[in-house]
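Data block below; observations after.
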Amino acid sequence: MKNSFNNFFKTSDVEQIFFTTNFGDKAPESPVLVFNYGLVCSNYHWSKQIDFFDQLGFPILLHDYRGHYQSSGGHELDKVTFCQIASDLKELLDFLHIEKSIFLGHSMGVNVCLEFAKLYPQYLEQMILISGTIIPVHNIMMNTHLSGPMQPIFLKIIEKFPDEINAFWKYGGWNPLIKKLIHYGGFNMEQVNDEFIDIYLNKLGQLGPKLFFHLIGQMQEHDILASIHNLKTPTLIVGGNRDKVIPNYLQRLMLEKMPNSTLYLIHEGSHVPQVDFPEMINERMLFYIENKA
């Protein structure tokens, strides 16, 4: 961002949450864009949107979830839940005196946004939700039922070989085959270059496998489907018709279940359409925000 102000906020349970704004410590009158990244991702996945809206003068708030990157809390994974993350965000908005916001979420960040909307709807003007799901991920991730049975096996392997698995997790992204698999499985290979994948895998390597599997468990247990019909926040639902991670029929299900929502599916978009086709996604987001439709 042109002007970045970095700081830490101390939560009520004394964890440190790292955040960045482009407006300092004086809350703007217009709604603040609050970006929420996906499963063991980072704000780098939002880089094209952050630059775009920053250039247009929108107030922006970036943050790291507890247990992620510069925020503390990784020593207590049982507290890294969507409910707790939503509470952290509510306290952060109060700390910055932000009364109006627009939440943007990608993948697991959609769960964060929906949980926040359930608990603290008074803070929200709109939401933009990309490539998320409102049903348990074990039933649908990669369009298979394998993630459920495989999770306890992986956890046992981590428990038995912690040093080896942590080293592989941290440095495995250097393997050309792994890079190619990640590129093919999560992105539009013709639109997203290798440099982006390198940066993504470097960021991912900073977060351990235990956090990954813990958050997969949180996505599996998230019961937002029972509450989604009560969420009244105007919402733009976005998906790619080539999403191999979260099939886009789940965006249609969210549209069906969620009042005041509208759907935008992007042709040839992957699980990360905001990276595949940033110009198209940015313009659609801007239109939605400015026209509230």
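Residues are referred to by chain and number: the chain letter is A, B, ... according to the order shown in the structure tokens, the number counts from 1 in that chain, and ligands are numbered separately from 1 in the order shown.
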
Exercise for review: Please provide the set of residues having any atom within 6 Å of Gly269 in chain A, restricted to only C-alpha atoms, with same-chain residues fewer than 2 positions apart removed, written as a VMD selection string.
Suggested key: chain A and resid 240 to 242 266 to 267 273

Practice item. Please provide the set of residues having any atom within 8 Å of Phe18 in chain A, restricted to only C-alpha atoms, with same-chain residues fewer than 4 positions apart removed, written as a PyMOL selection string. Key: chain A and resi 6-9+63-64+70-71

Exercise for review: Write out as a ChimeraX atom specification all residues of range 194-258 of chain A that backbone DSSP assigns to alpha helix (DSSP H).
Suggested key: /A:194-205,209-221,249-257

Residue selection dump (N, CA and C atoms) as a short mmCIF file (atom, residue, chain, number, x, y, z; two decimals), in the first residue's frame:
```
data_model
loop_
_atom_site.label_atom_id
_atom_site.label_comp_id
_atom_site.auth_asym_id
_atom_site.auth_seq_id
_atom_site.Cartn_x
_atom_site.Cartn_y
_atom_site.Cartn_z
N ASP A 194 5.03 -18.89 -12.23
CA ASP A 194 5.75 -19.70 -11.24
C ASP A 194 6.20 -18.86 -10.05
N GLU A 195 6.49 -17.59 -10.27
CA GLU A 195 6.95 -16.73 -9.17
C GLU A 195 5.90 -16.65 -8.07
N PHE A 196 4.63 -16.54 -8.46
CA PHE A 196 3.57 -16.48 -7.46
C PHE A 196 3.54 -17.77 -6.64
N ILE A 197 3.70 -18.91 -7.30
CA ILE A 197 3.69 -20.21 -6.61
C ILE A 197 4.86 -20.30 -5.65
N ASP A 198 6.03 -19.81 -6.06
CA ASP A 198 7.21 -19.82 -5.18
C ASP A 198 6.95 -19.02 -3.91
N ILE A 199 6.37 -17.85 -4.06
CA ILE A 199 6.09 -17.00 -2.90
C ILE A 199 5.04 -17.64 -2.01
N TYR A 200 4.01 -18.20 -2.64
CA TYR A 200 2.96 -18.87 -1.87
C TYR A 200 3.53 -20.03 -1.05
N LEU A 201 4.36 -20.86 -1.66
CA LEU A 201 4.92 -22.02 -0.96
C LEU A 201 5.89 -21.60 0.13
N ASN A 202 6.60 -20.50 -0.10
CA ASN A 202 7.48 -19.97 0.95
C ASN A 202 6.68 -19.52 2.15
N LYS A 203 5.56 -18.84 1.91
CA LYS A 203 4.68 -18.41 3.00
C LYS A 203 4.09 -19.61 3.72
N LEU A 204 3.61 -20.58 2.94
CA LEU A 204 3.00 -21.77 3.51
C LEU A 204 4.00 -22.51 4.40
N GLY A 205 5.28 -22.54 3.99
CA GLY A 205 6.30 -23.23 4.75
C GLY A 205 6.55 -22.64 6.12
N PRO A 209 2.48 -28.03 9.72
CA PRO A 209 1.42 -28.95 9.31
C PRO A 209 0.34 -29.14 10.37
N LYS A 210 0.70 -29.01 11.65
CA LYS A 210 -0.30 -29.17 12.70
C LYS A 210 -1.38 -28.10 12.58
N LEU A 211 -0.98 -26.86 12.27
CA LEU A 211 -1.96 -25.79 12.09
C LEU A 211 -2.85 -26.10 10.90
N PHE A 212 -2.27 -26.59 9.81
CA PHE A 212 -3.05 -26.93 8.63
C PHE A 212 -4.14 -27.94 8.96
N PHE A 213 -3.76 -29.05 9.59
CA PHE A 213 -4.74 -30.09 9.87
C PHE A 213 -5.73 -29.66 10.96
N HIS A 214 -5.28 -28.83 11.88
CA HIS A 214 -6.21 -28.29 12.87
C HIS A 214 -7.30 -27.46 12.19
N LEU A 215 -6.90 -26.61 11.24
CA LEU A 215 -7.87 -25.74 10.58
C LEU A 215 -8.76 -26.52 9.62
N ILE A 216 -8.23 -27.58 9.01
CA ILE A 216 -9.09 -28.47 8.23
C ILE A 216 -10.19 -29.01 9.14
N GLY A 217 -9.81 -29.38 10.36
CA GLY A 217 -10.79 -29.87 11.34
C GLY A 217 -11.82 -28.80 11.68
N GLN A 218 -11.37 -27.55 11.80
CA GLN A 218 -12.30 -26.47 12.08
C GLN A 218 -13.28 -26.27 10.93
N MET A 219 -12.81 -26.38 9.70
CA MET A 219 -13.69 -26.26 8.54
C MET A 219 -14.68 -27.42 8.49
N GLN A 220 -14.24 -28.59 8.92
CA GLN A 220 -15.14 -29.75 8.95
C GLN A 220 -16.23 -29.57 9.98
N GLU A 221 -15.89 -28.99 11.13
CA GLU A 221 -16.83 -28.87 12.25
C GLU A 221 -17.68 -27.60 12.20
N TYR A 249 -20.25 -25.70 -7.45
CA TYR A 249 -21.67 -25.89 -7.11
C TYR A 249 -21.94 -25.45 -5.66
N LEU A 250 -20.87 -25.39 -4.87
CA LEU A 250 -21.04 -24.94 -3.48
C LEU A 250 -21.30 -23.43 -3.41
N GLN A 251 -20.85 -22.69 -4.41
CA GLN A 251 -21.18 -21.27 -4.46
C GLN A 251 -22.68 -21.11 -4.78
N ARG A 252 -23.19 -21.98 -5.62
CA ARG A 252 -24.62 -21.95 -5.94
C ARG A 252 -25.47 -22.33 -4.71
N LEU A 253 -24.95 -23.29 -3.93
CA LEU A 253 -25.65 -23.66 -2.70
C LEU A 253 -25.68 -22.49 -1.73
N MET A 254 -24.56 -21.77 -1.60
CA MET A 254 -24.52 -20.61 -0.73
C MET A 254 -25.51 -19.55 -1.19
N LEU A 255 -25.58 -19.35 -2.51
CA LEU A 255 -26.53 -18.39 -3.07
C LEU A 255 -27.96 -18.79 -2.71
N GLU A 256 -28.25 -20.08 -2.80
CA GLU A 256 -29.60 -20.57 -2.52
C GLU A 256 -29.97 -20.38 -1.06
N LYS A 257 -29.03 -20.57 -0.17
CA LYS A 257 -29.32 -20.55 1.26
C LYS A 257 -29.18 -19.18 1.90
#
```

Sorted by chain and rising residue number, list the residues of range 202-281 of chain A at most 9 Å from range 116-136 of chain A (counting only C-alpha atoms), each with its closest atom pair and distance in Å to one decimal, as CSV.
```
residue,atom,partner,partner_atom,distance
A:Met219,CA,A:Pro136,CA,6.2
A:Gln220,CA,A:Pro136,CA,4.2
A:Glu221,CA,A:Pro136,CA,6.6
A:His222,CA,A:Pro136,CA,7.0
A:Asp223,CA,A:Ile135,CA,7.8
A:Ile224,CA,A:Ile134,CA,6.2
A:Leu225,CA,A:Ile134,CA,5.5
A:Ser227,CA,A:Lys118,CA,7.2
A:Ile228,CA,A:Lys118,CA,7.8
A:Asn230,CA,A:Lys118,CA,7.8
A:Leu231,CA,A:Lys118,CA,6.3
A:Lys232,CA,A:Pro121,CA,8.1
A:Thr233,CA,A:Gln126,CA,5.7
A:Pro234,CA,A:Gln126,CA,5.0
A:Thr235,CA,A:Met127,CA,4.6
A:Leu236,CA,A:Ile128,CA,4.7
A:Ile237,CA,A:Leu129,CA,4.9
A:Val238,CA,A:Ile130,CA,4.6
A:Gly239,CA,A:Ser131,CA,5.0
A:Gly240,CA,A:Ser131,CA,7.3
A:Asp243,CA,A:Ser131,CA,7.8
A:Val245,CA,A:Ser131,CA,8.6
A:Ile246,CA,A:Ser131,CA,6.4
A:Pro247,CA,A:Ser131,CA,8.2
A:Asn248,CA,A:Ser131,CA,7.2
A:Leu250,CA,A:Thr133,CA,5.9
A:Gln251,CA,A:Ser131,CA,7.0
A:Leu253,CA,A:Ile134,CA,8.2
A:Met254,CA,A:Ile134,CA,6.7
A:Ser270,CA,A:Ser131,CA,8.8
A:His271,CA,A:Ser131,CA,5.9
A:Val272,CA,A:Ser131,CA,7.2
A:Pro273,CA,A:Ile130,CA,8.0
A:Gln274,CA,A:Ile130,CA,8.2
```

Exercise for review: Could you check how far CA of Ile102 in chain A sits from CA of Leu33 in chain A, in Å to one decimal?
Suggested key: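 We find that CA of Ile102 in chain A and CA of Leu33 in chain A lie 4.9 Å from each other.
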
Exercise for review: Enumerate as number ranges by chain all residues of range 212-260 of chain A assigned to strand (DSSP E) by DSSP on the backbone, naming them with the chain letters and numbers the document uses.
Suggested key: A: 235-240

Could you dump the residues just selected with N, CA and C atoms as an mmCIF file, in the first residue's frame?
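As written to disk, out_19.cif reads:
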```
data_model
loop_
_atom_site.group_PDB
_atom_site.id
_atom_site.type_symbol
_atom_site.label_atom_id
_atom_site.label_comp_id
_atom_site.auth_asym_id
_atom_site.auth_seq_id
_atom_site.Cartn_x
_atom_site.Cartn_y
_atom_site.Cartn_z
ATOM 1 N N THR A 235 -24.285 -9.719 0.159
ATOM 2 C CA THR A 235 -23.089 -10.521 -0.083
ATOM 3 C C THR A 235 -22.922 -10.845 -1.558
ATOM 4 N N LEU A 236 -21.706 -10.633 -2.051
ATOM 5 C CA LEU A 236 -21.319 -11.072 -3.388
ATOM 6 C C LEU A 236 -20.551 -12.384 -3.236
ATOM 7 N N ILE A 237 -21.065 -13.435 -3.851
ATOM 8 C CA ILE A 237 -20.428 -14.751 -3.832
ATOM 9 C C ILE A 237 -19.690 -14.932 -5.151
ATOM 10 N N VAL A 238 -18.416 -15.298 -5.064
ATOM 11 C CA VAL A 238 -17.577 -15.405 -6.259
ATOM 12 C C VAL A 238 -16.972 -16.798 -6.322
ATOM 13 N N GLY A 239 -16.916 -17.370 -7.513
ATOM 14 C CA GLY A 239 -16.266 -18.664 -7.702
ATOM 15 C C GLY A 239 -15.706 -18.782 -9.098
ATOM 16 N N GLY A 240 -14.801 -19.744 -9.272
ATOM 17 C CA GLY A 240 -14.273 -20.059 -10.593
ATOM 18 C C GLY A 240 -14.861 -21.364 -11.087
#
```

**Study point:** Computed interatomic separation between CA of Lys48 in chain A and CA of Met189 in chain A (Å)
**Key:**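 Computed distance, CA of Lys48 in chain A to CA of Met189 in chain A, equals 17.2 Å.
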
Practice item. Would you mind reading off the distance between CA of Glu279 in chain A and CA of Trp46 in chain A, one decimal, in Å? Key: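 Between these atoms lies a distance of 12.3 Å.
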